[in-house]
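For reference, start22.csv is printed below; it contains CSV, C-alpha atoms and all ligand atoms.
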```
chain,number,residue,atom,x,y,z
B,470,MET,CA,224.3,164.2,10.8
B,471,SER,CA,226.5,166.3,13.0
B,472,MET,CA,229.3,168.2,11.5
B,473,ARG,CA,231.9,170.7,12.6
B,474,ILE,CA,234.6,173.2,11.5
B,475,ILE,CA,237.9,171.5,12.2
B,476,ASP,CA,240.3,174.2,11.1
B,477,VAL,CA,240.6,177.8,10.0
B,478,ARG,CA,243.7,178.7,8.0
B,479,GLU,CA,245.0,182.0,6.8
B,480,ILE,CA,247.9,183.0,4.6
B,481,THR,CA,248.8,186.6,3.5
B,482,GLN,CA,249.6,186.7,-0.2
B,483,PRO,CA,250.9,189.5,-2.4
B,484,ILE,CA,248.6,191.2,-5.0
B,485,ALA,CA,251.2,193.9,-5.8
B,486,SER,CA,251.3,195.9,-9.0
B,487,PRO,CA,253.0,199.2,-10.0
B,488,ILE,CA,249.6,200.9,-10.5
B,489,ARG,CA,248.4,203.9,-8.4
B,490,ASN,CA,245.1,205.7,-7.9
B,491,ALA,CA,244.7,209.2,-6.5
B,492,TYR,CA,245.4,208.0,-3.0
B,493,ILE,CA,247.6,204.9,-2.9
B,494,ASP,CA,249.9,202.8,-4.9
B,495,PHE,CA,249.6,199.0,-5.0
B,496,THR,CA,253.3,198.1,-4.8
B,497,LYS,CA,252.9,196.5,-1.4
B,498,MET,CA,249.3,195.3,-1.6
B,499,THR,CA,248.4,192.0,0.0
B,500,THR,CA,245.3,189.9,0.6
B,501,SER,CA,244.4,187.3,3.2
B,502,LEU,CA,243.4,184.0,1.8
B,503,VAL,CA,241.5,181.9,4.3
B,504,ALA,CA,240.2,178.3,4.3
B,505,VAL,CA,237.4,177.1,6.6
B,506,VAL,CA,237.9,173.3,6.8
B,507,THR,CA,235.0,171.1,7.7
B,508,ASP,CA,234.6,167.4,8.4
B,509,VAL,CA,231.8,167.2,5.8
B,510,VAL,CA,232.5,165.2,2.6
B,511,ARG,CA,230.7,166.0,-0.7
B,512,ASP,CA,231.3,164.1,-4.0
B,513,GLY,CA,234.2,162.3,-2.4
B,514,ARG,CA,235.9,165.5,-1.3
B,515,ARG,CA,236.2,167.3,2.0
B,516,VAL,CA,234.2,170.5,2.0
B,517,VAL,CA,236.5,173.5,2.5
B,518,GLY,CA,235.2,177.1,2.2
B,519,TYR,CA,237.5,179.7,0.8
B,520,GLY,CA,237.6,183.5,1.1
B,521,PHE,CA,239.9,186.5,0.5
B,522,ASN,CA,239.7,190.2,1.0
B,523,SER,CA,239.3,192.7,-1.8
B,524,ASN,CA,242.1,194.9,-2.9
B,525,GLY,CA,242.6,198.3,-1.3
B,526,ARG,CA,242.9,197.0,2.3
B,527,TYR,CA,245.8,194.8,3.2
B,528,GLY,CA,245.7,191.2,4.4
B,529,GLN,CA,244.4,190.7,7.9
B,530,GLY,CA,246.5,187.8,9.1
B,531,GLY,CA,247.1,189.3,12.5
B,532,LEU,CA,243.5,189.8,13.4
B,533,ILE,CA,242.4,186.5,11.8
B,534,ARG,CA,245.0,184.4,13.5
B,535,GLU,CA,245.1,186.1,16.9
B,536,ARG,CA,241.4,186.7,17.4
B,537,PHE,CA,238.7,185.6,15.0
B,538,ARG,CA,240.0,182.1,14.2
B,539,ASP,CA,240.2,181.0,17.8
B,540,ARG,CA,236.6,182.2,18.5
B,541,ILE,CA,235.3,179.9,15.8
B,542,LEU,CA,237.5,176.9,16.8
B,543,GLU,CA,236.8,177.3,20.6
B,544,ALA,CA,233.0,177.6,20.2
B,545,ALA,CA,230.9,174.5,20.9
B,546,PRO,CA,230.6,173.0,17.4
B,547,ASP,CA,226.8,172.6,17.6
B,548,SER,CA,226.5,176.3,18.5
B,549,LEU,CA,227.6,177.1,14.9
B,550,LEU,CA,225.0,175.0,13.1
B,551,ASP,CA,221.6,175.8,11.8
B,552,GLU,CA,218.3,174.3,13.2
B,553,SER,CA,218.6,171.1,11.2
B,554,GLY,CA,222.2,170.5,12.5
B,555,ASP,CA,223.1,169.6,9.0
B,556,ASN,CA,224.8,172.8,7.9
B,557,LEU,CA,226.7,175.8,9.2
B,558,ASP,CA,224.7,178.9,10.2
B,559,PRO,CA,226.7,181.9,8.9
B,560,HIS,CA,224.7,184.2,11.2
B,561,LYS,CA,225.6,182.3,14.3
B,562,ILE,CA,229.3,182.0,13.3
B,563,TRP,CA,229.3,185.8,12.7
B,564,ALA,CA,227.9,186.4,16.2
B,565,THR,CA,230.6,184.1,17.6
B,566,MET,CA,233.4,186.0,15.8
B,567,MET,CA,232.1,189.3,17.1
B,568,LYS,CA,231.7,188.3,20.7
B,569,ASN,CA,233.5,190.8,23.0
B,570,GLU,CA,233.8,193.4,20.2
B,571,LYS,CA,232.5,196.8,21.0
B,572,PRO,CA,230.3,198.6,18.5
B,573,GLY,CA,231.4,201.5,16.3
B,574,GLY,CA,234.9,202.6,15.1
B,575,HIS,CA,234.8,199.7,12.6
B,576,GLY,CA,238.4,200.1,11.5
B,577,GLU,CA,239.7,197.1,9.6
B,578,ARG,CA,238.4,194.2,11.8
B,579,SER,CA,235.5,194.3,9.3
B,580,VAL,CA,238.0,193.1,6.6
B,581,ALA,CA,239.1,190.2,8.8
B,582,VAL,CA,235.5,189.2,9.5
B,583,GLY,CA,234.4,189.7,5.9
B,584,THR,CA,237.1,187.4,4.6
B,585,LEU,CA,236.2,184.6,7.0
B,586,ASP,CA,232.5,185.2,6.3
B,587,MET,CA,233.1,184.6,2.6
B,588,ALA,CA,234.7,181.3,3.3
B,589,ILE,CA,231.9,180.3,5.6
B,590,TRP,CA,229.2,181.0,3.0
B,591,ASP,CA,231.3,179.1,0.4
B,592,ALA,CA,231.3,176.1,2.8
B,593,THR,CA,227.6,176.5,3.6
B,594,ALA,CA,226.5,176.5,0.0
B,595,LYS,CA,228.8,173.6,-0.9
B,596,ILE,CA,227.3,171.6,2.0
B,597,ALA,CA,223.9,172.5,0.7
B,598,GLY,CA,225.1,171.3,-2.8
B,599,LYS,CA,224.1,174.6,-4.5
B,600,PRO,CA,225.5,177.7,-6.1
B,601,LEU,CA,225.5,180.4,-3.4
B,602,PHE,CA,223.4,182.7,-5.6
B,603,ARG,CA,220.7,180.0,-5.7
B,604,LEU,CA,220.9,179.5,-1.9
B,605,LEU,CA,220.5,183.2,-1.3
B,606,ALA,CA,217.6,183.6,-3.7
B,607,GLU,CA,215.8,180.6,-2.1
B,608,ARG,CA,216.2,182.0,1.4
B,609,LYS,CA,214.9,185.3,0.3
B,610,GLY,CA,212.0,183.8,-1.5
B,611,ARG,CA,212.9,185.3,-4.8
B,612,GLU,CA,214.0,184.2,-8.3
B,613,ALA,CA,217.7,184.2,-9.0
B,614,ASP,CA,218.9,185.9,-12.2
B,615,PRO,CA,222.2,184.3,-13.2
B,616,ARG,CA,222.8,187.1,-15.8
B,617,VAL,CA,224.8,189.9,-14.1
B,618,PHE,CA,226.0,193.3,-15.3
B,619,VAL,CA,229.7,193.8,-15.0
B,620,TYR,CA,232.0,196.7,-15.8
B,621,ALA,CA,235.7,196.9,-16.4
B,622,ALA,CA,237.7,198.8,-13.8
B,623,GLY,CA,241.2,200.0,-14.7
B,624,GLY,CA,242.5,203.3,-16.1
B,625,TYR,CA,245.1,203.5,-13.3
B,626,TYR,CA,248.0,205.9,-13.3
B,627,TYR,CA,251.1,203.8,-14.2
B,628,PRO,CA,254.7,204.8,-14.7
B,629,GLY,CA,255.2,205.9,-18.3
B,630,LYS,CA,251.5,205.4,-19.3
B,631,ASP,CA,250.4,208.0,-21.9
B,632,ASP,CA,247.0,208.6,-23.4
B,633,GLY,CA,247.7,206.1,-26.2
B,634,ALA,CA,248.3,203.3,-23.6
B,635,LEU,CA,245.2,204.4,-21.7
B,636,ARG,CA,243.1,204.3,-24.9
B,637,ALA,CA,244.5,200.9,-25.9
B,638,GLU,CA,243.6,199.6,-22.4
B,639,MET,CA,240.0,200.8,-22.7
B,640,ARG,CA,239.8,199.4,-26.3
B,641,SER,CA,240.9,196.0,-25.0
B,642,TYR,CA,238.0,196.0,-22.5
B,643,LEU,CA,235.5,196.7,-25.3
B,644,ASP,CA,237.1,193.9,-27.3
B,645,ARG,CA,236.4,191.6,-24.3
B,646,GLY,CA,232.7,192.5,-24.2
B,647,TYR,CA,232.4,195.3,-21.6
B,648,THR,CA,230.0,198.2,-22.2
B,649,VAL,CA,231.1,200.3,-19.2
B,650,VAL,CA,234.8,201.1,-18.4
B,651,LYS,CA,236.3,203.0,-15.4
B,652,MET,CA,239.3,205.1,-15.0
B,653,LYS,CA,241.1,206.9,-12.2
B,654,ILE,CA,241.1,210.7,-11.7
B,655,GLY,CA,242.5,212.9,-9.1
B,656,GLY,CA,246.1,211.7,-9.3
B,657,ALA,CA,247.0,214.4,-11.8
B,658,SER,CA,246.0,218.1,-12.4
B,659,ILE,CA,242.4,218.7,-13.4
B,660,ALA,CA,243.6,219.8,-16.9
B,661,GLU,CA,245.6,216.6,-17.4
B,662,ASP,CA,242.6,214.5,-16.1
B,663,GLN,CA,240.3,216.3,-18.5
B,664,ARG,CA,242.6,215.5,-21.4
B,665,ARG,CA,242.8,211.8,-20.3
B,666,ILE,CA,239.0,211.6,-20.1
B,667,GLU,CA,238.5,213.2,-23.5
B,668,ALA,CA,241.1,210.7,-24.9
B,669,VAL,CA,239.1,207.8,-23.5
B,670,LEU,CA,235.7,209.2,-24.6
B,671,ALA,CA,237.1,209.6,-28.1
B,672,GLU,CA,238.3,205.9,-28.0
B,673,ILE,CA,235.1,204.3,-26.7
B,674,GLY,CA,232.7,206.6,-28.7
B,675,SER,CA,229.1,205.3,-28.5
B,676,GLN,CA,230.3,201.7,-27.9
B,677,ALA,CA,230.5,202.1,-24.1
B,678,GLN,CA,230.2,204.5,-21.2
B,679,LEU,CA,232.9,205.8,-18.9
B,680,ALA,CA,232.9,206.0,-15.1
B,681,VAL,CA,235.6,208.0,-13.2
B,682,ASP,CA,237.0,207.3,-9.7
B,683,ALA,CA,238.7,209.9,-7.5
B,684,ASN,CA,239.3,207.5,-4.6
B,685,GLY,CA,238.4,209.9,-1.9
B,686,ARG,CA,241.1,212.4,-2.8
B,687,PHE,CA,239.3,215.7,-3.1
B,688,ASP,CA,238.4,218.4,-0.6
B,689,LEU,CA,235.0,220.1,-1.2
B,690,GLU,CA,236.4,222.8,-3.4
B,691,THR,CA,238.3,220.4,-5.6
B,692,ALA,CA,235.4,218.0,-5.7
B,693,ILE,CA,233.1,220.8,-7.0
B,694,ALA,CA,235.7,222.0,-9.5
B,695,TYR,CA,235.9,218.5,-10.9
B,696,ALA,CA,232.1,218.2,-10.9
B,697,LYS,CA,231.8,221.3,-13.0
B,698,MET,CA,234.3,219.9,-15.5
B,699,LEU,CA,232.9,216.3,-15.5
B,700,ARG,CA,229.2,217.3,-15.8
B,701,GLN,CA,229.7,218.3,-19.5
B,702,TYR,CA,230.3,214.6,-20.3
B,703,PRO,CA,227.8,211.8,-20.3
B,704,LEU,CA,229.6,209.8,-17.6
B,705,PHE,CA,228.3,206.5,-16.1
B,706,TRP,CA,229.3,207.8,-12.7
B,707,TYR,CA,231.6,210.2,-10.6
B,708,GLU,CA,233.0,208.0,-7.8
B,709,GLU,CA,234.2,208.7,-4.3
B,710,ALA,CA,235.0,212.3,-4.8
B,711,GLY,CA,235.8,213.1,-1.1
B,712,ASP,CA,236.7,211.3,2.1
B,713,PRO,CA,234.3,208.3,2.5
B,714,LEU,CA,233.1,209.5,5.8
B,715,ASP,CA,232.5,213.1,4.8
B,716,TYR,CA,228.8,212.9,4.2
B,717,ALA,CA,228.4,216.7,4.1
B,718,LEU,CA,230.8,216.9,1.2
B,719,GLN,CA,228.9,214.2,-0.7
B,720,ALA,CA,225.6,216.1,-0.1
B,721,ALA,CA,227.0,219.4,-1.2
B,722,LEU,CA,228.5,217.8,-4.3
B,723,SER,CA,225.0,216.6,-5.3
B,724,GLU,CA,224.1,220.2,-5.8
B,725,PHE,CA,226.8,220.6,-8.4
B,726,TYR,CA,226.6,217.2,-10.1
B,727,PRO,CA,223.3,216.3,-11.7
B,728,GLY,CA,224.7,213.0,-13.2
B,729,PRO,CA,225.1,209.8,-11.3
B,730,MET,CA,227.5,209.7,-8.3
B,731,ALA,CA,228.8,206.5,-6.7
B,732,THR,CA,230.5,205.8,-3.4
B,733,GLY,CA,230.6,203.4,-0.4
B,734,GLU,CA,233.5,201.1,-1.0
B,735,ASN,CA,235.2,202.4,2.1
B,736,LEU,CA,232.1,202.2,4.4
B,737,PHE,CA,232.4,199.0,6.4
B,738,SER,CA,229.2,198.6,8.3
B,739,HIS,CA,225.5,198.9,7.9
B,740,GLN,CA,225.5,201.8,10.3
B,741,ASP,CA,228.0,203.7,8.1
B,742,ALA,CA,226.0,202.8,5.0
B,743,ARG,CA,222.8,204.1,6.7
B,744,ASN,CA,224.6,207.3,7.6
B,745,LEU,CA,225.6,207.8,4.0
B,746,LEU,CA,221.9,207.5,2.9
B,747,ARG,CA,220.7,209.7,5.8
B,748,TYR,CA,223.3,212.5,5.4
B,749,GLY,CA,225.1,212.1,2.1
B,750,GLY,CA,222.6,213.5,-0.4
B,751,MET,CA,222.7,210.4,-2.4
B,752,ARG,CA,219.7,210.1,-4.8
B,753,PRO,CA,218.0,206.7,-5.1
B,754,ASP,CA,216.8,207.4,-8.6
B,755,ARG,CA,220.3,207.7,-10.1
B,756,ASP,CA,223.2,207.2,-7.7
B,757,TRP,CA,225.2,204.0,-7.0
B,758,LEU,CA,226.2,202.2,-3.8
B,759,GLN,CA,229.5,200.3,-3.8
B,760,PHE,CA,229.6,198.6,-0.3
B,761,ASP,CA,231.9,195.5,-0.6
B,762,CYS,CA,231.0,192.7,1.7
B,763,ALA,CA,234.6,191.4,1.6
B,764,LEU,CA,235.8,194.6,3.3
B,765,SER,CA,232.7,195.2,5.5
B,766,TYR,CA,232.0,192.2,7.8
B,767,GLY,CA,230.8,189.9,5.1
B,768,LEU,CA,227.4,188.9,3.7
B,769,VAL,CA,225.8,188.6,7.1
B,770,GLU,CA,226.4,192.3,7.6
B,771,TYR,CA,225.6,193.1,3.9
B,772,LEU,CA,222.1,191.6,4.5
B,773,ARG,CA,221.7,194.2,7.2
B,774,THR,CA,223.0,196.8,4.9
B,775,LEU,CA,220.4,195.8,2.3
B,776,ASP,CA,217.7,196.1,5.0
B,777,ALA,CA,218.9,199.6,5.9
B,778,LEU,CA,218.7,200.5,2.2
B,779,GLU,CA,215.2,199.3,2.0
B,780,GLN,CA,214.2,201.3,5.0
B,781,CYS,CA,215.7,204.4,3.4
B,782,GLY,CA,213.8,203.8,0.1
B,783,TRP,CA,216.6,202.3,-1.9
B,784,SER,CA,216.5,199.3,-4.2
B,785,PRO,CA,219.2,196.6,-4.1
B,786,SER,CA,219.5,197.3,-7.9
B,787,ARG,CA,221.3,200.5,-7.1
B,788,CYS,CA,224.2,198.5,-5.6
B,789,ILE,CA,227.2,197.6,-7.8
B,790,PRO,CA,229.8,196.5,-5.2
B,791,HIS,CA,233.5,197.3,-5.3
B,792,GLY,CA,236.0,194.5,-5.4
B,793,GLY,CA,235.6,192.3,-8.5
B,794,HIS,CA,235.2,189.0,-6.7
B,795,GLN,CA,232.8,186.1,-7.2
B,796,MET,CA,231.2,186.6,-3.8
B,797,SER,CA,229.6,189.8,-4.9
B,798,LEU,CA,228.6,188.2,-8.3
B,799,ASN,CA,226.7,185.6,-6.3
B,800,ILE,CA,225.0,188.3,-4.2
B,801,ALA,CA,224.1,190.2,-7.4
B,802,ALA,CA,222.6,187.1,-9.1
B,803,GLY,CA,220.8,185.9,-5.9
B,804,LEU,CA,219.5,189.2,-4.4
B,805,GLY,CA,219.1,191.4,-7.4
B,806,LEU,CA,222.0,193.9,-7.2
B,807,GLY,CA,222.6,196.1,-10.1
B,808,GLY,CA,225.9,194.3,-11.1
B,809,ASN,CA,229.5,194.0,-10.0
B,810,GLU,CA,232.9,195.4,-10.6
B,811,SER,CA,235.5,193.5,-12.6
B,812,TYR,CA,239.3,194.2,-13.0
B,813,PRO,CA,240.1,192.4,-16.2
B,814,ASP,CA,243.8,192.8,-15.9
B,815,LEU,CA,244.5,193.2,-12.1
B,816,PHE,CA,244.6,191.3,-8.8
B,817,GLN,CA,244.9,187.9,-10.3
B,818,PRO,CA,244.2,185.1,-9.5
B,819,TYR,CA,241.7,186.4,-7.0
B,820,GLY,CA,239.4,188.5,-9.2
B,821,GLY,CA,237.5,187.6,-12.2
B,822,PHE,CA,235.2,184.8,-13.3
B,823,PRO,CA,235.2,181.0,-13.7
B,824,ASP,CA,237.2,179.9,-16.8
B,825,SER,CA,234.1,179.1,-18.8
B,826,VAL,CA,232.6,182.6,-18.3
B,827,ARG,CA,232.7,185.2,-21.1
B,828,VAL,CA,231.5,188.8,-20.9
B,829,GLU,CA,228.9,189.5,-23.6
B,830,ASN,CA,227.3,192.9,-24.0
B,831,GLY,CA,228.4,193.9,-20.5
B,832,HIS,CA,227.0,190.9,-18.8
B,833,ILE,CA,228.1,187.5,-17.6
B,834,VAL,CA,226.0,184.4,-16.8
B,835,MET,CA,226.8,182.6,-13.6
B,836,PRO,CA,227.7,178.9,-14.0
B,837,GLU,CA,225.9,176.4,-11.8
B,838,LEU,CA,228.9,175.5,-9.5
B,839,PRO,CA,228.4,174.6,-5.8
B,840,GLY,CA,229.5,177.3,-3.4
B,841,ILE,CA,230.8,180.6,-4.6
B,842,GLY,CA,232.2,178.9,-7.7
B,843,PHE,CA,236.0,179.2,-7.1
B,844,GLU,CA,236.4,175.6,-8.3
B,845,GLY,CA,235.6,176.8,-11.8
B,846,LYS,CA,238.6,179.2,-11.9
B,847,SER,CA,241.7,177.0,-12.3
B,848,ASP,CA,244.4,179.5,-11.3
B,849,LEU,CA,242.5,180.5,-8.2
B,850,ILE,CA,241.5,177.1,-6.9
B,851,LYS,CA,245.1,176.0,-7.3
B,852,VAL,CA,246.3,178.5,-4.7
B,853,MET,CA,243.3,177.9,-2.5
B,854,ARG,CA,243.9,174.1,-2.4
B,855,GLU,CA,247.6,174.7,-1.6
B,856,LEU,CA,246.4,176.2,1.6
B,857,ALA,CA,244.0,173.5,2.8
B,858,GLU,CA,243.7,170.4,0.7
M,1,LIG,O1,241.9,201.7,-6.8
M,1,LIG,C1,241.2,201.2,-5.9
M,1,LIG,O2,241.5,201.3,-4.7
M,1,LIG,C2,240.1,200.4,-6.3
M,1,LIG,C3,238.8,201.2,-6.4
M,1,LIG,O3,238.7,202.3,-5.9
M,1,LIG,C4,237.7,200.7,-7.2
M,1,LIG,O4,237.9,199.6,-7.8
M,1,LIG,O5,236.7,201.3,-7.3
M,2,MG,MG,236.7,203.1,-6.2
```
Take the structure in the file and write it out as structure tokens.
Amino acid sequence: MSMRIIDVREITQPIASPIRNAYIDFTKMTTSLVAVVTDVVRDGRRVVGYGFNSNGRYGQGGLIRERFRDRILEAAPDSLLDESGDNLDPHKIWATMMKNEKPGGHGERSVAVGTLDMAIWDATAKIAGKPLFRLLAERKGREADPRVFVYAAGGYYYPGKDDGALRAEMRSYLDRGYTVVKMKIGGASIAEDQRRIEAVLAEIGSQAQLAVDANGRFDLETAIAYAKMLRQYPLFWYEEAGDPLDYALQAALSEFYPGPMATGENLFSHQDARNLLRYGGMRPDRDWLQFDCALSYGLVEYLRTLDALEQCGWSPSRCIPHGGHQMSLNIAAGLGLGGNESYPDLFQPYGGFPDSVRVENGHIVMPELPGIGFEGKSDLIKVMRELAE
């Protein structure tokens, strides 16, 4: 059976909200929604793979429409297929997209490619008739574990939001089954952030743990001042203290912060990830890596990142990706990551879980849906089908 990709579509959609972290507000935030349309039919329906980019980087319509889409559509169809000729080969499609791209300076083309790569894996798993996490586990020769740890990310700065509202937000995450919650720091004075942290700790008590995220705001001196304040609390992690590419800052910070640190959501290639592990002072026994395939050239590249981790003595179980999307849930269930982020109240309809999924004791169980599982989330698949079906 020969098959081909007949179209690649992109639309840039708003995911705006009035929230802000220590670095940006989200009042103009967008995402690229893409569809990879094939001529394959499964269960009476044309197979279309879908993807989108995570929050934090804007939609990539320009790059997708002007460069990457055409490379896929202009390639000889058979050059994009696996050995059997019955399915797409995401690795070959990745190489086709990246033809005539110089190495280094990864910028945001990694977001454009990561978004398309998500759609390509969705189509590939649908054509194979399996959930993506099962396909990944099979290819890796390991057992999938459909039960995945998830934590609730929120705690943003928000106009008029006081400690009472922050506490109520965190309480609502506990009520929805989460055992780890995350809040923003670095967007207020250190005294105010300490007060906010203590308010949340008082609210969650021993029911949950708290992670804090500075979104890369701090210089070394401020990062250390916060470390000295934060280390008196039993935090789940201290995230992205300084600039994502300032490995020396991260390494120096480790001398002042014995608890778990987390970073990596703004590193967009396996080379950058490897540099973090080489030079960032990150500790494989306690720290967390948050590389997000949807921002960093997709799963084809994330597999290289996992190889780089292994070479540096890191387990995939130390990875809890940024982004709160179902793609990373599949990678976690299929390849043994430590879990995934979730934004219970933000970035809808893109984030979250299929409708049938509940969080229990900080974990979800992946449903057995072909592909990434977008078809199980009614509000999401509705906007996806408007693009391509
Ligand atoms: O506020 C953001 O940009 C999102 C973020 O850092 C996170 O989810 O860790
Ligand atoms: Mg973050």
Which residue, B:Pro818, B:Gly598, B:Gly633, B:Pro572, has the smallest gap to B:Glu667 when you use all atoms listed in the file?
B:Gly633
Can you check which parts of stretch 587-668 of chain B lie within 12 Å of stretch 791-795 of chain B? Per residue, the shortest pair of atoms and distance in Å to one decimal, counting only C-alpha atoms, sorted by chain and number, as a Markdown table.
```
| residue | atom | partner | partner_atom | distance |
| --- | --- | --- | --- | --- |
| B:Met587 | CA | B:Gln795 | CA | 9.9 |
| B:Ala588 | CA | B:Gln795 | CA | 11.7 |
| B:Trp590 | CA | B:Gln795 | CA | 12.0 |
| B:Asp591 | CA | B:Gln795 | CA | 10.4 |
| B:Pro600 | CA | B:Gln795 | CA | 11.2 |
| B:Leu601 | CA | B:Gln795 | CA | 10.0 |
| B:Phe602 | CA | B:Gln795 | CA | 10.1 |
| B:Val617 | CA | B:Gln795 | CA | 11.2 |
| B:Phe618 | CA | B:Gly793 | CA | 11.8 |
| B:Val619 | CA | B:Gly793 | CA | 8.9 |
| B:Tyr620 | CA | B:Gly793 | CA | 9.3 |
| B:Ala621 | CA | B:Gly793 | CA | 9.1 |
| B:Ala622 | CA | B:Gly793 | CA | 8.6 |
| B:Gly623 | CA | B:Gly793 | CA | 11.4 |
| B:Lys651 | CA | B:His791 | CA | 11.9 |
```
Give me the chain B side of the contact with ligand MG 2 (chain M), cut-off 12 Å, one line per residue showing its nearest atom pair and distance in Å at one decimal, counting only C-alpha atoms and all ligand atoms, sorted by chain and residue number, as CSV.
```
residue,atom,partner,partner_atom,distance
B:Arg489,CA,M:MG2,MG,11.9
B:Asn490,CA,M:MG2,MG,9.0
B:Ala491,CA,M:MG2,MG,10.1
B:Tyr492,CA,M:MG2,MG,10.5
B:Ile493,CA,M:MG2,MG,11.5
B:Ser523,CA,M:MG2,MG,11.6
B:Asn524,CA,M:MG2,MG,10.4
B:Gly525,CA,M:MG2,MG,9.0
B:Ala621,CA,M:MG2,MG,12.0
B:Ala622,CA,M:MG2,MG,8.8
B:Gly623,CA,M:MG2,MG,10.1
B:Gly624,CA,M:MG2,MG,11.5
B:Tyr625,CA,M:MG2,MG,11.0
B:Lys651,CA,M:MG2,MG,9.2
B:Met652,CA,M:MG2,MG,9.4
B:Lys653,CA,M:MG2,MG,8.4
B:Ile654,CA,M:MG2,MG,10.4
B:Gly655,CA,M:MG2,MG,11.8
B:Ala680,CA,M:MG2,MG,10.1
B:Val681,CA,M:MG2,MG,8.6
B:Asp682,CA,M:MG2,MG,5.5
B:Ala683,CA,M:MG2,MG,7.2
B:Asn684,CA,M:MG2,MG,5.4
B:Gly685,CA,M:MG2,MG,8.2
B:Arg686,CA,M:MG2,MG,10.8
B:Trp706,CA,M:MG2,MG,10.9
B:Tyr707,CA,M:MG2,MG,9.8
B:Glu708,CA,M:MG2,MG,6.3
B:Glu709,CA,M:MG2,MG,6.4
B:Ala710,CA,M:MG2,MG,9.5
B:Gly711,CA,M:MG2,MG,11.3
B:Asp712,CA,M:MG2,MG,11.7
B:Pro713,CA,M:MG2,MG,10.4
B:Met730,CA,M:MG2,MG,11.5
B:Ala731,CA,M:MG2,MG,8.6
B:Thr732,CA,M:MG2,MG,7.3
B:Gly733,CA,M:MG2,MG,8.4
B:Glu734,CA,M:MG2,MG,6.4
B:Asn735,CA,M:MG2,MG,8.5
B:Leu736,CA,M:MG2,MG,11.6
B:Trp757,CA,M:MG2,MG,11.6
B:Leu758,CA,M:MG2,MG,10.8
B:Gln759,CA,M:MG2,MG,8.1
B:Phe760,CA,M:MG2,MG,10.3
B:Asp761,CA,M:MG2,MG,10.6
B:Ile789,CA,M:MG2,MG,11.1
B:Pro790,CA,M:MG2,MG,9.6
B:His791,CA,M:MG2,MG,6.7
B:Gly792,CA,M:MG2,MG,8.7
B:Gly793,CA,M:MG2,MG,11.1
B:Glu810,CA,M:MG2,MG,9.6
B:Ser811,CA,M:MG2,MG,11.6
B:Tyr812,CA,M:MG2,MG,11.5
```
For the selection just defined, write its residues with C-alpha atoms to a file, as a short mmCIF file (atom, residue, chain, number, x, y, z; two decimals), in the coordinates of the input.
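The resulting file, part_1.cif, is shown below:
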```
data_model
loop_
_atom_site.label_atom_id
_atom_site.label_comp_id
_atom_site.auth_asym_id
_atom_site.auth_seq_id
_atom_site.Cartn_x
_atom_site.Cartn_y
_atom_site.Cartn_z
CA ARG B 489 248.40 203.90 -8.40
CA ASN B 490 245.10 205.70 -7.90
CA ALA B 491 244.70 209.20 -6.50
CA TYR B 492 245.40 208.00 -3.00
CA ILE B 493 247.60 204.90 -2.90
CA SER B 523 239.30 192.70 -1.80
CA ASN B 524 242.10 194.90 -2.90
CA GLY B 525 242.60 198.30 -1.30
CA ALA B 621 235.70 196.90 -16.40
CA ALA B 622 237.70 198.80 -13.80
CA GLY B 623 241.20 200.00 -14.70
CA GLY B 624 242.50 203.30 -16.10
CA TYR B 625 245.10 203.50 -13.30
CA LYS B 651 236.30 203.00 -15.40
CA MET B 652 239.30 205.10 -15.00
CA LYS B 653 241.10 206.90 -12.20
CA ILE B 654 241.10 210.70 -11.70
CA GLY B 655 242.50 212.90 -9.10
CA ALA B 680 232.90 206.00 -15.10
CA VAL B 681 235.60 208.00 -13.20
CA ASP B 682 237.00 207.30 -9.70
CA ALA B 683 238.70 209.90 -7.50
CA ASN B 684 239.30 207.50 -4.60
CA GLY B 685 238.40 209.90 -1.90
CA ARG B 686 241.10 212.40 -2.80
CA TRP B 706 229.30 207.80 -12.70
CA TYR B 707 231.60 210.20 -10.60
CA GLU B 708 233.00 208.00 -7.80
CA GLU B 709 234.20 208.70 -4.30
CA ALA B 710 235.00 212.30 -4.80
CA GLY B 711 235.80 213.10 -1.10
CA ASP B 712 236.70 211.30 2.10
CA PRO B 713 234.30 208.30 2.50
CA MET B 730 227.50 209.70 -8.30
CA ALA B 731 228.80 206.50 -6.70
CA THR B 732 230.50 205.80 -3.40
CA GLY B 733 230.60 203.40 -0.40
CA GLU B 734 233.50 201.10 -1.00
CA ASN B 735 235.20 202.40 2.10
CA LEU B 736 232.10 202.20 4.40
CA TRP B 757 225.20 204.00 -7.00
CA LEU B 758 226.20 202.20 -3.80
CA GLN B 759 229.50 200.30 -3.80
CA PHE B 760 229.60 198.60 -0.30
CA ASP B 761 231.90 195.50 -0.60
CA ILE B 789 227.20 197.60 -7.80
CA PRO B 790 229.80 196.50 -5.20
CA HIS B 791 233.50 197.30 -5.30
CA GLY B 792 236.00 194.50 -5.40
CA GLY B 793 235.60 192.30 -8.50
CA GLU B 810 232.90 195.40 -10.60
CA SER B 811 235.50 193.50 -12.60
CA TYR B 812 239.30 194.20 -13.00
#
```
My list of candidates is B:Pro483, B:Gly767, B:Gly805, B:Pro839. Which is closest to B:Asp586 when distances are computed with all atoms listed in the file?
B:Gly767
Spatial sel., origin (221.8, 190.2, -10.0), limit 8 Å, all atoms listed in the file, listed as a count of residues only
18
So what do you get for atom CA of B:Gly821 versus atom CA of B:Thr584, distance-wise?
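Pair atom CA of B:Gly821 / atom CA of B:Thr584 returns 16.8 Å.
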